[in-house]
Amino acid sequence: MRRVLVANRGEIALRIIRACHEEGLEAVAVYSEADRVCPHVKAADAAVELGPAPARDSYLNVERLLEAAAQTGAEAVHPGYGFLAEQAHFANAVEQAGLVFIGPPPSAIQMMGEKTEARRRMRAAGVPIVPGTTEPVADGEAALRAAEEIGYPVLLKAAAGGGGKGMRVAHSAKEVHKGFTHAASEARSAFGDDSIYLERFVQRPRHVEIQVLADRFGHTIHLGERECSVQRRHQKLIEESPSAAVDLDLRLRMGEAAVRAAQSVGYLSAGTVEFLLDPQGKFYFLEMNTRLQVEHPVTELVYGVDLVREQLRIAAGEPMTCPGRPMRPRGHAIECRITSEDPFADFLPATGRIEYLHPPSGPGVRWDGGVETGSEVSLYYDSLVGKLIAWGETRERSIRRMRRALDELVIAGIPTSQPFHRRVMEEAEFVSGEYDVGYLDRVGDALLSPEIDASELEQVAIAAALAEDEARAAAVPIAGGTDGGPAESAWLQMARLRALRGGR
Amino acid sequence: MRYTVSIADRTVQVEVKGNTVLLDGRPIRATLVAIPRTPLRQLVVNGQARTFAMTRGTDGWKVQCAGRWWPVAVLDERTRQVRELTGQRAKHAAGGLIKAPMPGLVLRVEVEVGQRVEQGAGLVVLEAMKMENEIKTPGPGVVQAIHVAAGQAVEKGMPLVAVGEQEG
């Protein structure tokens, strides 16, 4: 294996290209017409244009991706996350073309990808699951019958789903009907499959997931948990490792369950087993993400493991570098997802050009970004522009470091979720560590108060007035231009203004 | 020069006199230095430095403070008086014309003309960045007109649904 085609874009493509280069492998980037000047294209050793901007014509076009691999002599394909990462047909097509798929076997993707089948398998493997249907429901009426049986509230979920798409909570019969329509339509557009199943909605759960890693030498290990309970509409916003709710004993039990889950489907490479953890410390299998996760860096920082490097080694048929015995997390890491969404306008997605980007740096700070100054943020792809990760000796130290890093970050040109994260890092419930997936619903409104602080108001007003004054002094007066007469030299104008003010 | 500076619903008077500004009449030593080839400017107020990202727009500036962008209207005395006389102060459009808050694809229209809607009721489902976003009515009323249909792509600011007072 010498050349790896990275079938993705944005920050994750760049992350994988960096790992390839560190391993002495060449990386091939692919891009759509909208992404010609993206950082991942520049970072790669070769790059192939796939097609028009819409994902189905570019990043989801299997034929074009395989052509690109053949054309550039790549021997392996890394799918990243999203797009085709959890499509068994893609992994299959890659292997059929004689290439190495950097991820689990297609059969494992298939078994975990069909969520109801996964639930049946997990039950058989002795992994606890949430009560609910183990088959998709046919229609709204069937959903209603299932809901009445399970007991409200229920969760309607896309059988092919992930990442919160095609998922709705229903507290009543009326909501089941509406939720079914919404979830099915969202699932159809996101995954091309509108099968929906139902589960009991566990109250006040935390979302805690276990990282697993498996190689071809019979080693399947877990790398502890990630706490991902700061979510909005089932989309993760902040992740941390370790979780404040998980002690050594629980970590071992959840870790062992995750390893059993992975082994039951013959898993290879990096994967994540998601659990719901209730306030009594009981945990239930949610789903397995058969790919690298967005939030993998927090695990990397506390376990000292490079997960993409391990994926590359495992794909090349080498053993993983991690020891077979359980490892201990060192310190604490937090990740904030910086998205092009306006947290003060109900997280509406925004588009535009990044006029300026200053990523934070310094001790314990990692910026995994996919954009740079001048990048266009379009509506074609998801809204993640970068991930800010901070490590500290303790949870408290990592929160302080994250505040400092968020204060350094400047993204001009589009609204981002940055101010939301800055406020969460000061919010009492988050700081205490005692939170669950209902966190944002509880604190969101107060946290995202649109009011401006009095001292900030003064400073912003002074800055704006000074900037306006300077801009006007530097500009040619409008009267000179509109009269049709010759405009006075701006230099002359400025010199006179400076002299009048007694400045230099 | 004397400016009327408005941020959200707050307004202050700032008079610039060299290295001193009068903030609502209170003198404060302040300087602003632009950092070349960036939108960053360093403000020093009474010896304390702070960096803002600032971009100029129509009618003023956008200033980033604690990661959040504030639109800041900066009007000189003359412009402000002209505005006041011609009554150009931001009048909120009467009746609720709900516009697309972002570009996207209309997935569903959830109301019909003549339908009575409560505040916060869903009107249209817009898909953008692979997420469904339900566009809600900011106030109660009756649906007067629907300007879009399912499957239609909309630009930011395009009218979606008009919600008005009940007739008669």
# chains A, B, ... in the order shown; residues from 1 in each chain; ligands from 1
>>> residues_around(residues="Gln115 (chain B)", least_positions_apart="6", cutoff="9 Å", atoms="only C-alpha atoms", output="mmCIF file with N, CA and C atoms, in the first residue's frame")
data_model
loop_
_atom_site.group_PDB
_atom_site.id
_atom_site.type_symbol
_atom_site.label_atom_id
_atom_site.label_comp_id
_atom_site.auth_asym_id
_atom_site.auth_seq_id
_atom_site.Cartn_x
_atom_site.Cartn_y
_atom_site.Cartn_z
ATOM 1 N N GLY B 141 -52.320 34.227 13.309
ATOM 2 C CA GLY B 141 -53.030 34.914 12.232
ATOM 3 C C GLY B 141 -53.641 33.917 11.273
ATOM 4 N N VAL B 142 -53.955 34.447 10.089
ATOM 5 C CA VAL B 142 -54.556 33.611 9.055
ATOM 6 C C VAL B 142 -53.625 33.638 7.843
ATOM 7 N N VAL B 143 -53.417 32.468 7.244
ATOM 8 C CA VAL B 143 -52.534 32.393 6.078
ATOM 9 C C VAL B 143 -53.199 33.134 4.913
ATOM 10 N N GLN B 144 -52.546 34.189 4.433
ATOM 11 C CA GLN B 144 -53.099 35.031 3.363
ATOM 12 C C GLN B 144 -52.668 34.545 1.985
#
>>> interface_residues(of="chain A", to="chain B", cutoff="8 Å", atoms="only C-alpha atoms", output="number ranges by chain")
A: 165, 186, 190, 348-350, 356, 379-383, 406-407, 409-410, 412, 415, 418-419, 422, 456-469, 501, 503
>>> residues_around(residues="region 326-329 of chain A", least_positions_apart="6", cutoff="10 Å", atoms="only C-alpha atoms", output="compact mmCIF listing (two decimals) with C-alpha atoms, in the first residue's frame")
# COMPACT_ATOMS: atom_id res chain seq x y z
CA ILE A 221 -9.84 -3.45 22.10
CA HIS A 222 -11.76 -0.45 23.40
CA LEU A 223 -10.34 3.02 23.99
CA GLY A 224 -12.77 4.23 26.63
CA GLU A 225 -15.74 6.49 26.22
CA SER A 241 -13.44 12.18 27.07
CA PRO A 242 -13.61 10.80 29.66
CA LEU A 248 -13.48 2.75 36.06
CA LEU A 252 -14.77 -1.66 31.77
CA GLY A 255 -15.97 -1.36 26.98
CA THR A 299 -10.03 9.90 22.34
CA GLU A 300 -6.71 10.39 20.56
CA LEU A 301 -5.66 13.08 23.02
CA VAL A 302 -6.46 11.18 26.22
CA TYR A 303 -5.26 7.76 25.02
CA GLY A 304 -2.23 8.95 23.05
>>> atom_distance(atom1="CA of Ala153 (chain B)", atom2="CA of Ala100 (chain B)")
10.4 Å
>>> select_by_dssp(residues="region 334-453 of chain A", states="strand (DSSP E or B)", output="JSON, numbers by chain")
{"A": [334, 335, 336, 337, 338, 339, 341, 342, 348, 349, 352, 353, 356, 357, 358, 365, 366, 367, 368, 369, 376, 377, 384, 385, 386, 387, 388, 389, 390, 391, 392, 410, 411, 412]}
